[in-house]
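Participant: Pasting upload00.tsv here (TSV, C-alpha atoms):
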```tsv
chain	number	residue	atom	x	y	z
A	1	MET	CA	-1.92	85.27	107.98
A	2	LEU	CA	-0.96	82.31	105.80
A	3	HIS	CA	-3.66	80.28	107.50
A	4	PHE	CA	-6.22	82.99	106.71
A	5	LYS	CA	-5.06	83.25	103.13
A	6	ALA	CA	-5.20	79.51	102.69
A	7	LYS	CA	-8.77	79.45	104.03
A	8	ILE	CA	-9.87	82.12	101.58
A	9	ASN	CA	-8.13	80.37	98.74
A	10	VAL	CA	-9.83	77.06	99.57
A	11	ARG	CA	-13.22	78.78	99.58
A	12	GLN	CA	-12.45	80.51	96.30
A	13	ALA	CA	-11.36	77.23	94.79
A	14	ARG	CA	-14.59	75.51	95.91
A	15	VAL	CA	-16.68	78.25	94.28
A	16	LEU	CA	-14.56	77.84	91.18
A	17	VAL	CA	-15.25	74.10	91.07
A	18	ILE	CA	-19.05	74.59	91.29
A	19	GLU	CA	-19.03	77.22	88.54
A	20	MET	CA	-17.01	75.09	86.20
A	21	LEU	CA	-18.98	71.87	86.59
A	22	PRO	CA	-20.78	72.14	83.22
A	23	SER	CA	-17.54	71.86	81.37
A	24	LEU	CA	-15.74	68.64	82.13
A	25	ARG	CA	-12.35	69.85	81.00
A	26	THR	CA	-12.51	73.05	83.00
A	27	ALA	CA	-13.79	71.09	86.01
A	28	ALA	CA	-10.71	68.92	85.76
A	29	CYS	CA	-8.60	72.08	85.74
A	30	ALA	CA	-10.43	73.35	88.82
A	31	VAL	CA	-9.79	70.06	90.61
A	32	LEU	CA	-6.13	70.40	89.74
A	33	ILE	CA	-6.01	73.97	91.09
A	34	PHE	CA	-7.88	72.89	94.23
A	35	SER	CA	-5.47	70.04	94.87
A	36	LEU	CA	-2.47	72.33	94.32
A	37	ILE	CA	-3.84	74.78	96.88
A	38	SER	CA	-4.49	71.95	99.31
A	39	CYS	CA	-0.89	70.78	98.94
A	40	PHE	CA	0.20	73.85	100.94
A	41	PRO	CA	-1.28	73.34	104.38
A	42	PRO	CA	-1.60	76.29	106.75
A	43	LEU	CA	1.21	76.68	109.27
A	44	VAL	CA	-0.40	75.18	112.36
A	45	GLY	CA	0.96	76.71	115.55
A	46	GLN	CA	2.61	79.65	113.82
A	47	THR	CA	1.64	82.72	115.77
A	48	LEU	CA	3.46	85.26	113.64
A	49	PRO	CA	0.68	87.71	112.77
A	50	SER	CA	2.09	89.38	109.67
A	51	SER	CA	5.04	89.20	107.33
A	52	ALA	CA	5.52	92.93	107.88
A	53	VAL	CA	6.73	92.24	111.45
A	54	PHE	CA	10.39	91.82	110.50
A	55	PRO	CA	10.86	94.76	108.11
A	56	ALA	CA	9.27	96.99	110.75
A	57	PHE	CA	11.71	95.77	113.37
A	58	GLU	CA	14.63	96.30	110.99
A	59	LYS	CA	13.50	99.92	110.50
A	60	LEU	CA	13.25	100.38	114.27
A	61	HIS	CA	16.73	98.94	114.74
A	62	ALA	CA	18.15	101.22	112.04
A	63	ALA	CA	16.50	104.24	113.67
A	64	GLU	CA	17.97	103.28	117.04
A	65	ALA	CA	21.43	102.86	115.50
A	66	SER	CA	21.14	106.42	114.15
A	67	GLY	CA	20.56	107.62	117.69
A	68	ALA	CA	16.77	107.99	117.61
A	69	ASN	CA	14.74	107.34	120.75
A	70	ILE	CA	12.46	104.47	119.70
A	71	LYS	CA	10.98	103.55	123.08
A	72	ASN	CA	7.43	104.64	122.19
A	73	LEU	CA	7.63	102.99	118.78
A	74	LEU	CA	8.85	99.76	120.39
A	75	ASP	CA	5.89	99.86	122.79
A	76	GLN	CA	3.51	100.30	119.84
A	77	TYR	CA	5.26	97.48	118.00
A	78	ASN	CA	4.98	95.14	120.98
A	79	SER	CA	1.31	95.94	121.47
A	80	LEU	CA	0.71	95.01	117.80
A	81	LEU	CA	2.59	91.76	118.37
A	82	GLU	CA	0.52	91.02	121.47
A	83	GLN	CA	-2.72	91.74	119.61
A	84	LYS	CA	-1.42	89.49	116.82
A	85	ALA	CA	-2.35	92.28	114.40
A	86	SER	CA	-2.56	90.84	110.92
A	87	ASP	CA	-2.93	94.15	109.10
A	88	PRO	CA	0.42	94.96	107.46
A	89	SER	CA	-0.49	98.66	107.36
A	90	SER	CA	-0.15	98.86	111.18
A	91	TYR	CA	3.45	97.71	110.90
A	92	ALA	CA	3.98	99.90	107.84
A	93	SER	CA	2.92	102.90	109.93
A	94	ILE	CA	5.56	102.02	112.55
A	95	SER	CA	8.12	101.54	109.77
A	96	SER	CA	7.43	105.00	108.34
A	97	GLN	CA	7.57	106.60	111.81
A	98	ALA	CA	10.88	104.81	112.42
A	99	ALA	CA	12.22	106.06	109.07
A	100	GLN	CA	11.25	109.63	110.03
A	101	ALA	CA	12.89	109.24	113.45
A	102	GLN	CA	15.99	107.89	111.74
A	103	GLN	CA	16.14	110.86	109.37
A	104	SER	CA	15.76	113.44	112.11
A	105	ALA	CA	18.29	111.59	114.31
A	106	ALA	CA	20.76	111.52	111.42
A	107	ALA	CA	20.24	115.26	110.86
A	108	ASN	CA	20.75	115.92	114.58
A	109	LYS	CA	23.85	113.77	114.55
A	110	ASN	CA	25.32	115.75	111.65
A	111	ALA	CA	24.52	119.02	113.39
A	112	SER	CA	26.08	117.86	116.64
A	113	ASN	CA	29.16	116.62	114.78
A	114	VAL	CA	29.59	120.02	113.15
A	115	PHE	CA	29.04	121.67	116.53
A	116	ARG	CA	31.72	119.45	118.10
A	117	ILE	CA	34.19	120.13	115.29
A	118	ILE	CA	33.75	123.88	115.82
A	119	LEU	CA	33.48	123.72	119.60
A	120	VAL	CA	36.69	121.78	120.29
A	121	PRO	CA	39.22	124.28	118.79
A	122	VAL	CA	37.22	127.32	119.97
A	123	LEU	CA	37.10	125.95	123.50
A	124	ALA	CA	40.81	125.13	123.41
A	125	PHE	CA	41.55	128.65	122.13
A	126	PHE	CA	39.58	130.34	124.92
A	127	LEU	CA	40.97	128.08	127.60
A	128	ALA	CA	44.51	128.80	126.36
A	129	ILE	CA	43.90	132.57	126.44
A	130	VAL	CA	42.22	132.49	129.86
A	131	SER	CA	44.92	130.33	131.42
A	132	LEU	CA	47.74	132.45	129.97
A	133	LEU	CA	46.00	135.65	131.16
A	134	LEU	CA	45.72	134.16	134.63
A	135	VAL	CA	49.38	133.24	134.62
A	136	ALA	CA	50.32	136.74	133.40
A	137	THR	CA	48.14	138.38	136.06
A	138	ALA	CA	49.68	136.22	138.76
A	139	ARG	CA	53.13	137.16	137.51
A	140	ARG	CA	52.27	140.86	137.54
A	141	LEU	CA	50.82	140.68	141.04
A	142	ARG	CA	53.92	138.94	142.31
A	143	GLN	CA	56.09	141.60	140.61
A	144	ASN	CA	54.03	144.45	142.10
A	145	ARG	CA	54.22	142.89	145.54
A	146	LEU	CA	58.00	142.65	145.14
A	147	LEU	CA	58.24	146.29	144.03
A	148	ASP	CA	56.04	147.46	146.91
A	149	MET	CA	58.37	145.92	149.43
A	150	ARG	CA	60.27	148.44	151.51
A	151	ILE	CA	63.92	148.09	152.11
A	152	VAL	CA	64.58	148.57	155.81
A	153	VAL	CA	68.14	149.45	156.62
A	154	SER	CA	69.00	149.05	160.24
B	155	MET	CA	51.71	140.09	127.64
B	156	PHE	CA	52.61	136.52	126.65
B	157	GLN	CA	54.64	135.06	123.83
B	158	PHE	CA	53.23	133.31	120.77
B	159	LYS	CA	55.19	130.12	121.51
B	160	GLU	CA	53.75	130.03	125.00
B	161	PHE	CA	50.22	130.49	123.61
B	162	LEU	CA	50.70	127.82	120.93
B	163	ALA	CA	51.91	125.25	123.47
B	164	THR	CA	48.96	125.95	125.79
B	165	PHE	CA	46.45	125.94	122.92
B	166	LEU	CA	47.73	122.60	121.59
B	167	THR	CA	47.58	121.07	125.07
B	168	PHE	CA	43.95	122.14	125.54
B	169	LEU	CA	43.09	121.06	121.99
B	170	ALA	CA	44.44	117.56	122.65
B	171	LEU	CA	42.60	117.36	125.98
B	172	ALA	CA	39.27	118.52	124.52
B	173	THR	CA	39.60	116.15	121.55
B	174	LEU	CA	40.27	113.25	123.92
B	175	ILE	CA	37.21	114.09	126.05
B	176	VAL	CA	34.93	114.40	122.98
B	177	TRP	CA	36.27	111.17	121.46
B	178	LEU	CA	35.63	109.29	124.73
B	179	SER	CA	32.08	110.66	124.93
B	180	VAL	CA	31.36	109.67	121.30
B	181	ASN	CA	33.00	106.23	121.58
B	182	PRO	CA	32.05	104.73	124.94
B	183	PRO	CA	33.83	101.49	125.90
B	184	ALA	CA	32.30	98.36	124.33
B	185	ILE	CA	29.99	96.40	126.61
B	186	GLU	CA	29.86	92.63	126.90
B	187	GLN	CA	26.89	91.54	124.79
B	188	PHE	CA	24.61	88.83	126.09
B	189	ALA	CA	21.00	87.83	126.50
B	190	SER	CA	19.67	85.65	129.29
B	191	LEU	CA	16.63	83.53	129.93
B	192	SER	CA	15.33	82.58	133.34
B	193	VAL	CA	12.31	80.75	134.63
B	194	ILE	CA	10.83	81.89	137.92
B	195	GLY	CA	8.70	79.50	139.93
B	196	PRO	CA	5.46	80.25	141.76
B	197	THR	CA	7.38	81.27	144.90
B	198	GLY	CA	9.22	83.98	142.94
B	199	ASN	CA	12.54	82.09	142.92
B	200	ALA	CA	14.47	80.18	140.28
B	201	GLY	CA	13.54	76.92	142.01
B	202	SER	CA	10.63	75.10	143.65
B	203	TYR	CA	8.91	75.09	140.29
B	204	PHE	CA	6.13	72.70	141.20
B	205	THR	CA	5.39	72.71	144.91
B	206	SER	CA	7.01	73.93	148.07
B	207	ASN	CA	8.72	70.56	148.65
B	208	ASP	CA	9.79	70.51	144.96
B	209	SER	CA	8.07	67.22	144.15
B	210	ARG	CA	8.22	67.04	140.37
B	211	ILE	CA	5.23	64.75	139.95
B	212	VAL	CA	2.57	66.48	137.88
B	213	GLY	CA	-0.99	65.20	137.79
B	214	ILE	CA	-3.84	65.83	135.40
B	215	ASN	CA	-5.33	69.35	135.58
B	216	GLN	CA	-2.72	70.46	138.08
B	217	THR	CA	-1.90	74.00	137.01
B	218	VAL	CA	1.74	75.03	137.17
B	219	SER	CA	2.45	78.73	136.98
B	220	TRP	CA	5.86	80.06	135.96
B	221	ASN	CA	7.23	83.38	134.86
B	222	ILE	CA	9.68	83.50	131.96
B	223	GLN	CA	12.13	86.39	131.93
B	224	VAL	CA	14.33	87.44	129.04
B	225	TYR	CA	17.01	90.04	129.65
B	226	ASN	CA	18.61	92.01	126.82
B	227	HIS	CA	22.20	93.22	127.26
B	228	MET	CA	23.08	93.22	123.59
B	229	GLY	CA	23.64	96.98	123.38
B	230	SER	CA	20.61	97.57	121.15
B	231	SER	CA	16.94	96.57	120.90
B	232	GLN	CA	16.37	92.95	120.00
B	233	LEU	CA	13.41	91.03	118.63
B	234	PHE	CA	13.28	87.86	120.70
B	235	LEU	CA	11.35	84.68	120.13
B	236	VAL	CA	10.72	82.19	122.91
B	237	TYR	CA	9.74	78.63	122.18
B	238	VAL	CA	8.54	76.13	124.76
B	239	PHE	CA	8.58	72.46	123.76
B	240	LEU	CA	7.34	69.37	125.52
B	241	GLU	CA	10.01	66.69	125.26
B	242	ASN	CA	10.85	63.30	126.73
B	243	ARG	CA	14.21	61.65	127.39
B	244	THR	CA	14.75	60.46	123.83
B	245	ILE	CA	13.96	63.62	121.84
B	246	SER	CA	17.27	65.39	121.28
B	247	GLY	CA	17.02	68.73	122.98
B	248	PRO	CA	19.15	71.83	122.53
B	249	ASP	CA	22.93	71.51	122.75
B	250	ALA	CA	25.02	74.52	123.73
B	251	SER	CA	28.29	72.90	122.62
B	252	THR	CA	27.10	72.69	119.02
B	253	ASN	CA	24.62	75.60	119.16
B	254	THR	CA	21.80	73.37	117.98
B	255	SER	CA	18.20	73.75	119.05
B	256	THR	CA	15.64	71.04	119.70
B	257	ASP	CA	15.26	68.53	116.88
B	258	ARG	CA	12.05	69.85	115.33
B	259	THR	CA	11.48	66.69	113.30
B	260	LEU	CA	10.92	64.67	116.48
B	261	THR	CA	9.13	67.33	118.52
B	262	PRO	CA	5.47	68.26	118.41
B	263	LEU	CA	4.57	71.87	117.70
B	264	PRO	CA	5.75	74.37	120.30
B	265	LEU	CA	3.52	74.95	123.29
B	266	VAL	CA	4.52	78.59	123.26
B	267	GLN	CA	5.85	80.76	120.47
B	268	GLU	CA	6.08	84.35	121.71
B	269	TYR	CA	7.67	87.33	120.00
B	270	HIS	CA	8.70	90.52	121.75
B	271	ALA	CA	11.01	93.44	121.00
B	272	VAL	CA	13.12	94.26	124.05
B	273	SER	CA	15.09	97.49	124.52
B	274	ASN	CA	18.68	97.31	125.63
B	275	ASP	CA	19.14	96.63	129.35
B	276	GLU	CA	15.47	95.74	129.79
B	277	THR	CA	13.71	92.56	130.81
B	278	TRP	CA	10.70	90.98	129.15
B	279	ASN	CA	8.44	89.05	131.52
B	280	PHE	CA	5.61	86.80	130.55
B	281	GLN	CA	3.55	84.24	132.34
B	282	PHE	CA	3.61	80.59	131.43
B	283	GLN	CA	0.77	78.64	132.99
B	284	TRP	CA	0.36	75.04	132.01
B	285	ALA	CA	-1.52	71.90	132.96
B	286	LEU	CA	-1.75	68.40	131.57
B	287	THR	CA	-5.31	67.76	130.43
B	288	ASN	CA	-5.21	64.36	128.77
B	289	LYS	CA	-2.86	61.40	129.06
B	290	THR	CA	-2.98	57.68	128.47
B	291	SER	CA	-0.89	54.97	130.05
B	292	SER	CA	0.58	51.64	129.07
B	293	PRO	CA	2.55	49.25	131.31
B	294	SER	CA	5.86	50.86	130.44
B	295	SER	CA	4.98	54.39	129.37
B	296	VAL	CA	2.68	57.34	129.74
B	297	THR	CA	1.66	59.56	126.83
B	298	ILE	CA	0.66	63.22	127.11
B	299	HIS	CA	-1.91	64.08	124.45
B	300	THR	CA	-3.20	67.51	125.37
B	301	MET	CA	-2.15	70.40	127.56
B	302	ASN	CA	-3.64	73.70	128.57
B	303	VAL	CA	-1.14	76.48	128.05
B	304	ASN	CA	-2.02	80.03	129.13
B	305	GLY	CA	-5.72	79.16	128.82
B	306	ARG	CA	-5.33	77.69	125.35
B	307	GLN	CA	-5.81	73.99	124.65
B	308	VAL	CA	-2.86	72.43	122.81
B	309	GLN	CA	-3.74	69.15	121.15
B	310	ASN	CA	-2.01	66.31	119.28
B	311	LEU	CA	1.11	66.45	121.41
B	312	ASP	CA	1.38	62.66	121.80
B	313	VAL	CA	4.72	62.66	123.62
B	314	SER	CA	5.47	59.42	125.47
B	315	GLY	CA	7.71	59.04	128.48
B	316	SER	CA	9.00	55.86	129.99
B	317	THR	CA	7.74	54.76	133.40
B	318	VAL	CA	10.17	51.85	133.76
B	319	ASN	CA	12.28	53.74	136.29
B	320	PRO	CA	9.75	55.26	138.70
B	321	THR	CA	12.28	57.64	140.25
B	322	ALA	CA	13.44	59.19	136.94
B	323	ASN	CA	11.72	62.25	135.49
B	324	ASN	CA	10.23	61.24	132.17
B	325	PHE	CA	9.26	64.60	130.64
B	326	ARG	CA	10.78	68.03	130.34
B	327	LEU	CA	9.74	71.46	129.19
B	328	VAL	CA	12.44	73.05	127.08
B	329	ILE	CA	12.45	76.83	126.82
B	330	GLU	CA	14.57	78.21	123.99
B	331	LEU	CA	15.56	81.79	123.27
B	332	TRP	CA	15.93	82.92	119.67
B	333	SER	CA	16.77	86.38	118.38
B	334	TYR	CA	16.15	88.07	115.06
B	335	ASN	CA	19.35	88.45	113.07
B	336	ILE	CA	19.14	91.44	110.75
B	337	PRO	CA	21.93	90.45	108.31
B	338	THR	CA	20.27	87.09	107.60
B	339	HIS	CA	16.66	88.33	108.01
B	340	GLY	CA	15.87	85.33	110.17
B	341	PHE	CA	15.89	84.00	113.71
B	342	LEU	CA	18.98	82.52	115.32
B	343	PHE	CA	19.33	80.19	118.26
B	344	SER	CA	20.10	82.24	120.35
B	345	TYR	CA	22.23	85.31	119.55
B	346	VAL	CA	25.46	86.44	117.92
B	347	ASN	CA	28.05	88.08	120.14
B	348	GLY	CA	30.64	89.56	117.79
B	349	LYS	CA	31.26	86.58	115.53
B	350	SER	CA	30.35	83.74	117.88
B	351	LEU	CA	26.93	82.15	118.22
B	352	ASN	CA	25.67	81.56	121.75
B	353	SER	CA	22.83	79.30	122.86
B	354	VAL	CA	20.42	80.20	125.62
B	355	PHE	CA	17.88	77.69	126.84
B	356	ASN	CA	16.42	76.20	129.97
B	357	GLN	CA	14.86	72.83	130.63
B	358	ILE	CA	12.81	71.72	133.58
B	359	TRP	CA	12.20	68.04	134.15
B	360	PHE	CA	9.06	66.59	135.65
B	361	THR	CA	7.39	63.24	136.17
B	362	VAL	CA	4.04	61.98	135.01
B	363	ARG	CA	2.95	58.72	136.56
B	364	PRO	CA	0.55	56.23	134.93
```
Output the file's structure in the form of structure tokens.
Facilitator:
Amino acid sequence: MLHFKAKINVRQARVLVIEMLPSLRTAACAVLIFSLISCFPPLVGQTLPSSAVFPAFEKLHAAEASGANIKNLLDQYNSLLEQKASDPSSYASISSQAAQAQQSAAANKNASNVFRIILVPVLAFFLAIVSLLLVATARRLRQNRLLDMRIVVS
Amino acid sequence: MFQFKEFLATFLTFLALATLIVWLSVNPPAIEQFASLSVIGPTGNAGSYFTSNDSRIVGINQTVSWNIQVYNHMGSSQLFLVYVFLENRTISGPDASTNTSTDRTLTPLPLVQEYHAVSNDETWNFQFQWALTNKTSSPSSVTIHTMNVNGRQVQNLDVSGSTVNPTANNFRLVIELWSYNIPTHGFLFSYVNGKSLNSVFNQIWFTVRP
């Protein structure tokens, strides 16, 4: 991306130089601008397609930490990386999808936390009642069996 | 039917049990975090990288095909970066004891610089095919100028290796694993496990004769 930008800037600077030739002072300024641009060479060998790559990954990571399933988004992200997509809007789209996934995951997490907080005492209450009823029934059965016994006197 | 005290004791027992089960399900035991890098040779093994008899002498236009695998066991998705550098015996390569990567001031540009986001417990595979395409020789050294890497010509390498000892490998390919560190918004060599930095790299030596 930097390479591309640098190329455009060099072209723009050249056009600038030609336009400003009539005026010597402005031409000198143009030469100065041109040389300043040329001082920043393109990053040879850098294959990072866009500066939006990292913020998008950070969004994906945050969404995953919230409990969102980001497998499809990661696949999309990797295909953009493989295509060396230079358009930041592609990564911005993934970022916004990740933010949405994060929000819905956070909402689900809150709901499931509330559900757990309610479920745990309710479950314990019902289990306590059921187990005590079972114990009481067993006791009664044993008592009835004892009362039903006949006393045989020989 | 049953007394209040009896009910309270049973209820509290079940409450404690249910809380324990829920807490364990919400907080699973911590896993050991690591990432690994491996290079698979043409035979599908981590060995015999060049030929079946493992002769490490590489000639011009001899294509070598490897598979690089990166495994993520960090507990979350990671953005990995793999560098491959061509180095000789004198360029200081990565050092695990000090967690330092290859000295970039002495190394030509990387042959490979690949980014990939890897889900937890998944492996990223990619092919690394390379061939030397241009070299020059002097009485005591050989210099690699260009290479073909994954179908792309890489120029201006100009890495020289000594040929004084004919039995010693004079070049190596160094494969380094880097990971994106969110707190610092940058890449680290190689990853942070808790508070400690760990280095992951691989280097494969080979020989180029004059």
Participant: For CA of Thr217 (chain B) and CA of Leu260 (chain B), quote the distance in Å rounded to one decimal.
Facilitator: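 So the answer is 25.9 Å.
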Participant: Give me the residues near region 238-248 of chain B as number ranges by chain, where near means some atom within 7 Å (using only C-alpha atoms) and where sequence neighbours in that chain fewer than 6 positions away do not count.
Facilitator: B: 254-257, 260-261, 264-267, 313-315, 324-330
Participant: Please identify every residue of chain A that has at least one atom no more than 9 Å from any atom of chain B, counting all atoms listed in the file, and report them as a count of residues only.
Facilitator: 36
Participant: What is the distance, in Å and to one decimal place, between CA of Ser295 (chain B) and CA of Gln357 (chain B)?
Facilitator: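 So the two atoms, CA of Ser295 (chain B) and CA of Gln357 (chain B), lie 21.0 Å apart.
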Participant: Please list as a short mmCIF file (atom, residue, chain, number, x, y, z; two decimals) with C-alpha atoms, in the coordinates of the input every residue within 8 Å of Asn302 (chain B), counting only C-alpha atoms and excluding residues in the same chain fewer than 6 positions away.
Facilitator:
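New file result06.cif:
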```cif
data_model
loop_
_atom_site.label_atom_id
_atom_site.label_comp_id
_atom_site.auth_asym_id
_atom_site.auth_seq_id
_atom_site.Cartn_x
_atom_site.Cartn_y
_atom_site.Cartn_z
CA GLN B 283 0.77 78.64 132.99
CA TRP B 284 0.36 75.04 132.01
CA ALA B 285 -1.52 71.90 132.96
CA LEU B 286 -1.75 68.40 131.57
CA THR B 287 -5.31 67.76 130.43
CA VAL B 308 -2.86 72.43 122.81
#
```
